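Text of structure-v2.cif (mmCIF, C-alpha atoms) as supplied:
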data_query
#
loop_
_atom_site.label_atom_id
_atom_site.label_comp_id
_atom_site.auth_asym_id
_atom_site.auth_seq_id
_atom_site.Cartn_x
_atom_site.Cartn_y
_atom_site.Cartn_z
CA MET A 1 0.00 0.00 0.00
CA GLY A 2 2.99 2.32 0.44
CA GLY A 3 3.43 2.43 -3.33
CA THR A 4 -0.21 3.36 -3.73
CA LYS A 5 0.20 6.35 -1.44
CA ASN A 6 2.93 7.67 -3.73
CA LEU A 7 0.36 7.80 -6.55
CA ARG A 8 -1.48 10.52 -4.54
CA THR A 9 -4.50 8.37 -3.70
CA TRP A 10 -6.27 8.72 -0.38
CA GLN A 11 -6.21 5.87 2.10
CA THR A 12 -9.22 5.94 4.41
CA VAL A 13 -10.31 3.72 7.28
CA LYS A 14 -13.92 3.86 8.36
CA ALA A 15 -14.55 3.78 12.12
CA THR A 16 -17.70 1.70 12.55
CA ALA A 17 -19.24 0.02 15.55
CA THR A 18 -18.54 -3.45 14.14
CA THR A 19 -15.03 -2.92 12.75
CA TYR A 20 -13.61 -0.45 15.24
CA LYS A 21 -11.27 -2.90 17.01
CA ALA A 22 -9.79 -4.15 13.72
CA SER A 23 -9.49 -0.60 12.42
CA LEU A 24 -7.49 0.53 15.42
CA SER A 25 -4.81 -2.10 14.82
CA VAL A 26 -4.63 -1.02 11.17
CA LEU A 27 -4.12 2.66 12.03
CA ARG A 28 -0.52 2.20 13.10
CA LYS A 29 0.42 -0.02 10.14
CA LEU A 30 -1.06 1.64 7.05
CA PRO A 31 -0.17 4.99 5.45
CA LEU A 32 -3.61 6.53 6.03
CA ASP A 33 -4.80 10.02 5.11
CA GLN A 34 -8.30 9.96 6.56
CA LEU A 35 -10.42 8.43 9.27
CA LYS A 36 -14.14 8.31 8.46
CA ILE A 37 -16.67 8.50 11.30
CA ASP A 38 -19.57 6.16 10.61
CA LYS A 39 -23.02 7.71 10.32
CA SER A 40 -24.25 5.68 13.31
CA PHE A 41 -21.83 7.64 15.51
CA VAL A 42 -22.71 10.97 13.89
CA ARG A 43 -26.41 10.29 14.42
CA ASP A 44 -25.76 9.76 18.17
CA ILE A 45 -24.13 13.13 18.83
CA SER A 46 -27.46 14.96 19.03
CA HIS A 47 -28.90 12.81 21.82
CA SER A 48 -26.19 10.73 23.50
CA ALA A 49 -23.36 11.85 25.78
CA LYS A 50 -21.62 8.53 25.11
CA GLY A 51 -22.04 9.03 21.37
CA ARG A 52 -20.48 12.49 21.60
CA ALA A 53 -17.60 11.08 23.66
CA ILE A 54 -16.90 8.40 21.03
CA VAL A 55 -16.91 10.94 18.20
CA LYS A 56 -14.62 13.28 20.18
CA ALA A 57 -12.23 10.35 20.74
CA ILE A 58 -12.20 9.50 17.02
CA ILE A 59 -11.51 13.13 16.10
CA SER A 60 -8.77 13.35 18.74
CA LEU A 61 -7.16 10.11 17.54
CA SER A 62 -7.23 11.33 13.96
CA THR A 63 -5.68 14.66 14.96
CA GLU A 64 -2.92 12.95 16.95
CA LEU A 65 -2.13 10.71 13.98
CA GLY A 66 -1.95 13.73 11.68
CA ILE A 67 -4.79 12.58 9.42
CA SER A 68 -8.09 14.24 8.56
CA THR A 69 -11.48 13.16 9.86
CA ILE A 70 -14.60 12.82 7.70
CA ALA A 71 -18.03 12.72 9.35
CA GLU A 72 -20.39 10.50 7.35
CA GLY A 73 -24.16 10.83 7.47
CA THR A 74 -24.44 14.48 8.44
CA GLU A 75 -28.08 15.47 8.16
CA THR A 76 -28.55 18.56 10.33
CA ARG A 77 -26.94 21.95 10.89
CA GLU A 78 -26.67 21.02 14.58
CA GLN A 79 -24.45 18.04 13.70
CA ILE A 80 -22.26 20.16 11.42
CA ASP A 81 -21.85 22.85 14.09
CA TRP A 82 -20.99 20.31 16.80
CA LEU A 83 -18.52 18.46 14.57
CA LYS A 84 -16.87 21.71 13.49
CA SER A 85 -16.54 22.93 17.09
CA ASN A 86 -14.89 19.63 18.00
CA GLY A 87 -12.28 19.67 15.25
CA CYS A 88 -13.88 17.84 12.32
CA ALA A 89 -13.88 19.92 9.15
CA ILE A 90 -15.00 17.47 6.46
CA TYR A 91 -18.62 16.33 6.24
CA GLN A 92 -20.57 13.98 4.03
CA GLY A 93 -24.31 13.46 4.03
CA PHE A 94 -27.82 14.45 3.06
CA TYR A 95 -27.46 17.85 4.70
CA PHE A 96 -25.53 18.80 1.56
CA SER A 97 -27.06 16.51 -1.03
CA PRO A 98 -28.53 13.05 -1.56
CA SER A 99 -26.48 10.54 -3.55
CA LEU A 100 -25.95 11.76 -7.11
CA ASP A 101 -25.22 10.08 -10.41
CA ALA A 102 -22.31 11.41 -12.49
CA GLN A 103 -24.37 13.91 -14.49
CA ASN A 104 -26.06 15.40 -11.42
CA LEU A 105 -22.75 15.44 -9.53
CA CYS A 106 -21.21 17.60 -12.28
CA ARG A 107 -24.20 19.96 -12.08
CA PHE A 108 -23.95 20.07 -8.27
CA ILE A 109 -20.24 20.96 -8.41
CA ALA A 110 -20.82 23.62 -11.05
CA ASP A 111 -23.59 25.20 -8.96
CA ALA A 112 -21.44 25.17 -5.82
CA ARG A 113 -18.29 26.55 -7.49
CA PRO A 114 -17.21 29.91 -6.05
CA THR A 115 -17.70 32.99 -8.22
CA THR A 116 -15.58 36.11 -7.65
CA GLY A 117 -14.28 34.84 -4.32
CA GLU A 118 -17.66 33.98 -2.83
CA HIS A 119 -19.82 30.88 -2.76
CA ARG A 120 -23.15 31.23 -4.43
CA ALA A 121 -26.09 29.35 -3.00
CA ASN A 122 -26.92 26.04 -4.62
CA SER A 123 -30.60 25.85 -5.41
CA GLY A 124 -32.31 23.00 -3.64
CA SER A 125 -29.62 21.85 -1.18
CA PRO A 126 -29.20 23.75 2.08
CA GLY A 127 -25.53 24.43 2.73
CA ALA A 128 -24.46 22.82 -0.52
CA SER A 129 -21.79 25.40 -1.20
CA SER A 130 -20.16 24.42 2.08
CA ALA A 131 -19.84 20.83 0.93
CA LEU A 132 -16.87 21.66 -1.24
CA LEU A 133 -14.92 23.65 1.37
#
Is it possible to express this structure as structure tokens?
Amino acid sequence: MGGTKNLRTWQTVKATATTYKASLSVLRKLPLDQLKIDKSFVRDISHSAKGRAIVKAIISLSTELGISTIAEGTETREQIDWLKSNGCAIYQGFYFSPSLDAQNLCRFIADARPTTGEHRANSGSPGASSALL
């Protein structure tokens, strides 16, 4: 996998409830760039102190390893704000857009592209322009 990293690809491990133990042993062996927080953990941050503690630990671990953290399954502004205030700056989920085919993805990117130094609002998706930050 070390040769793959030299080709400028991103190596990501997803932290899930079922694979977390295996993923932790992998973190010290592989040349990773990102740690993805499973949507089940992101969903818990709005109503569970334990869920918030787990997500904080994942973000902290990622920071200490010098890799970025991606929060999967973000659906509300509250989740985005909490994640941002706790050190996670990359989000993925329906808050920005549902899954898109290639043609609609190109349209989404074009609509979210900054113009004259500012992001213009994407019609239909709240916060869509933020998705590409």
From the list A:Ser25, A:Ala71, A:Gly93, A:Lys56, the nearest residue to Ile37 (chain A) using only C-alpha atoms is A:Ala71
Q | Top pick for closest residue to Leu27 (chain A), considering A:Val42, A:Leu65, A:Ala49, A:Tyr95 and counting only C-alpha atoms | A |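 Between A:Val42, A:Leu65, A:Ala49, A:Tyr95, the residue approaching Leu27 (chain A) most closely is A:Leu65.
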* Selected by the PyMOL selection byres ((chain A and resi 63) around 12) in the shown coordinates: which residues, as a list in words? ->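 Selected by the PyMOL selection byres ((chain A and resi 63) around 12) here: Asp33, Gln34, Leu35, Lys56, Ala57, Ile58, Ile59, Ser60, Leu61, Ser62, Glu64, Leu65, Gly66, Ile67, Ser68, Thr69, Ile70, Asn86, Gly87, Cys88 and Ala89 of chain A.
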If I take CA of Lys36 (chain A) and CA of Ser85 (chain A), how far is one from the other in Å, to one decimal?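 Atom-to-atom, CA of Lys36 (chain A) and CA of Ser85 (chain A) are spaced 17.1 Å apart.
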As a check of understanding: the span from CA of Ala112 (chain A) to CA of Thr76 (chain A) is 18.8 Å
Separation of CA of Asp44 (chain A) and CA of Lys29 (chain A), in Å?
->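 Rounded to one decimal, the two atoms are 29.1 Å apart.
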Next item on the list: Using only C-alpha atoms, find the one residue out of A:Phe94, A:Ser99, A:Asp81, A:Ala110 that sits nearest to Ser46 (chain A).
Entry: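 Distance minimum relative to Ser46 (chain A) lands on A:Asp81.
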Return the single residue from A:Gln92, A:Gln103, A:Ser40, A:Arg28 that is closest to Ile54 (chain A), with distances computed using all atoms listed in the file.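 Going through A:Gln92, A:Gln103, A:Ser40, A:Arg28 one by one, the smallest distance to Ile54 (chain A) is for A:Ser40.
Among the candidates A:Arg113, A:Arg107, A:Lys84, A:Arg77, the one nearest to Val55 (chain A) when counting all atoms listed in the file is A:Lys84.
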Residues proximal to (-25.8, 15.8, -7.7) were defined as those with any atom within 10 Å of that point in the file's coordinates, counting all atoms listed in the file. Which are they, as a PDB file with C-alpha atoms, keeping the file's coordinate frame?
ATOM      1  CA  PHE A  96     -25.530  18.800   1.560  1.00  0.00           C
ATOM      2  CA  SER A  97     -27.060  16.510  -1.030  1.00  0.00           C
ATOM      3  CA  PRO A  98     -28.530  13.050  -1.560  1.00  0.00           C
ATOM      4  CA  SER A  99     -26.480  10.540  -3.550  1.00  0.00           C
ATOM      5  CA  LEU A 100     -25.950  11.760  -7.110  1.00  0.00           C
ATOM      6  CA  ASP A 101     -25.220  10.080 -10.410  1.00  0.00           C
ATOM      7  CA  ALA A 102     -22.310  11.410 -12.490  1.00  0.00           C
ATOM      8  CA  GLN A 103     -24.370  13.910 -14.490  1.00  0.00           C
ATOM      9  CA  ASN A 104     -26.060  15.400 -11.420  1.00  0.00           C
ATOM     10  CA  LEU A 105     -22.750  15.440  -9.530  1.00  0.00           C
ATOM     11  CA  CYS A 106     -21.210  17.600 -12.280  1.00  0.00           C
ATOM     12  CA  ARG A 107     -24.200  19.960 -12.080  1.00  0.00           C
ATOM     13  CA  PHE A 108     -23.950  20.070  -8.270  1.00  0.00           C
ATOM     14  CA  ILE A 109     -20.240  20.960  -8.410  1.00  0.00           C
ATOM     15  CA  ALA A 110     -20.820  23.620 -11.050  1.00  0.00           C
ATOM     16  CA  ASP A 111     -23.590  25.200  -8.960  1.00  0.00           C
ATOM     17  CA  SER A 125     -29.620  21.850  -1.180  1.00  0.00           C
TER      18      SER A 125
END
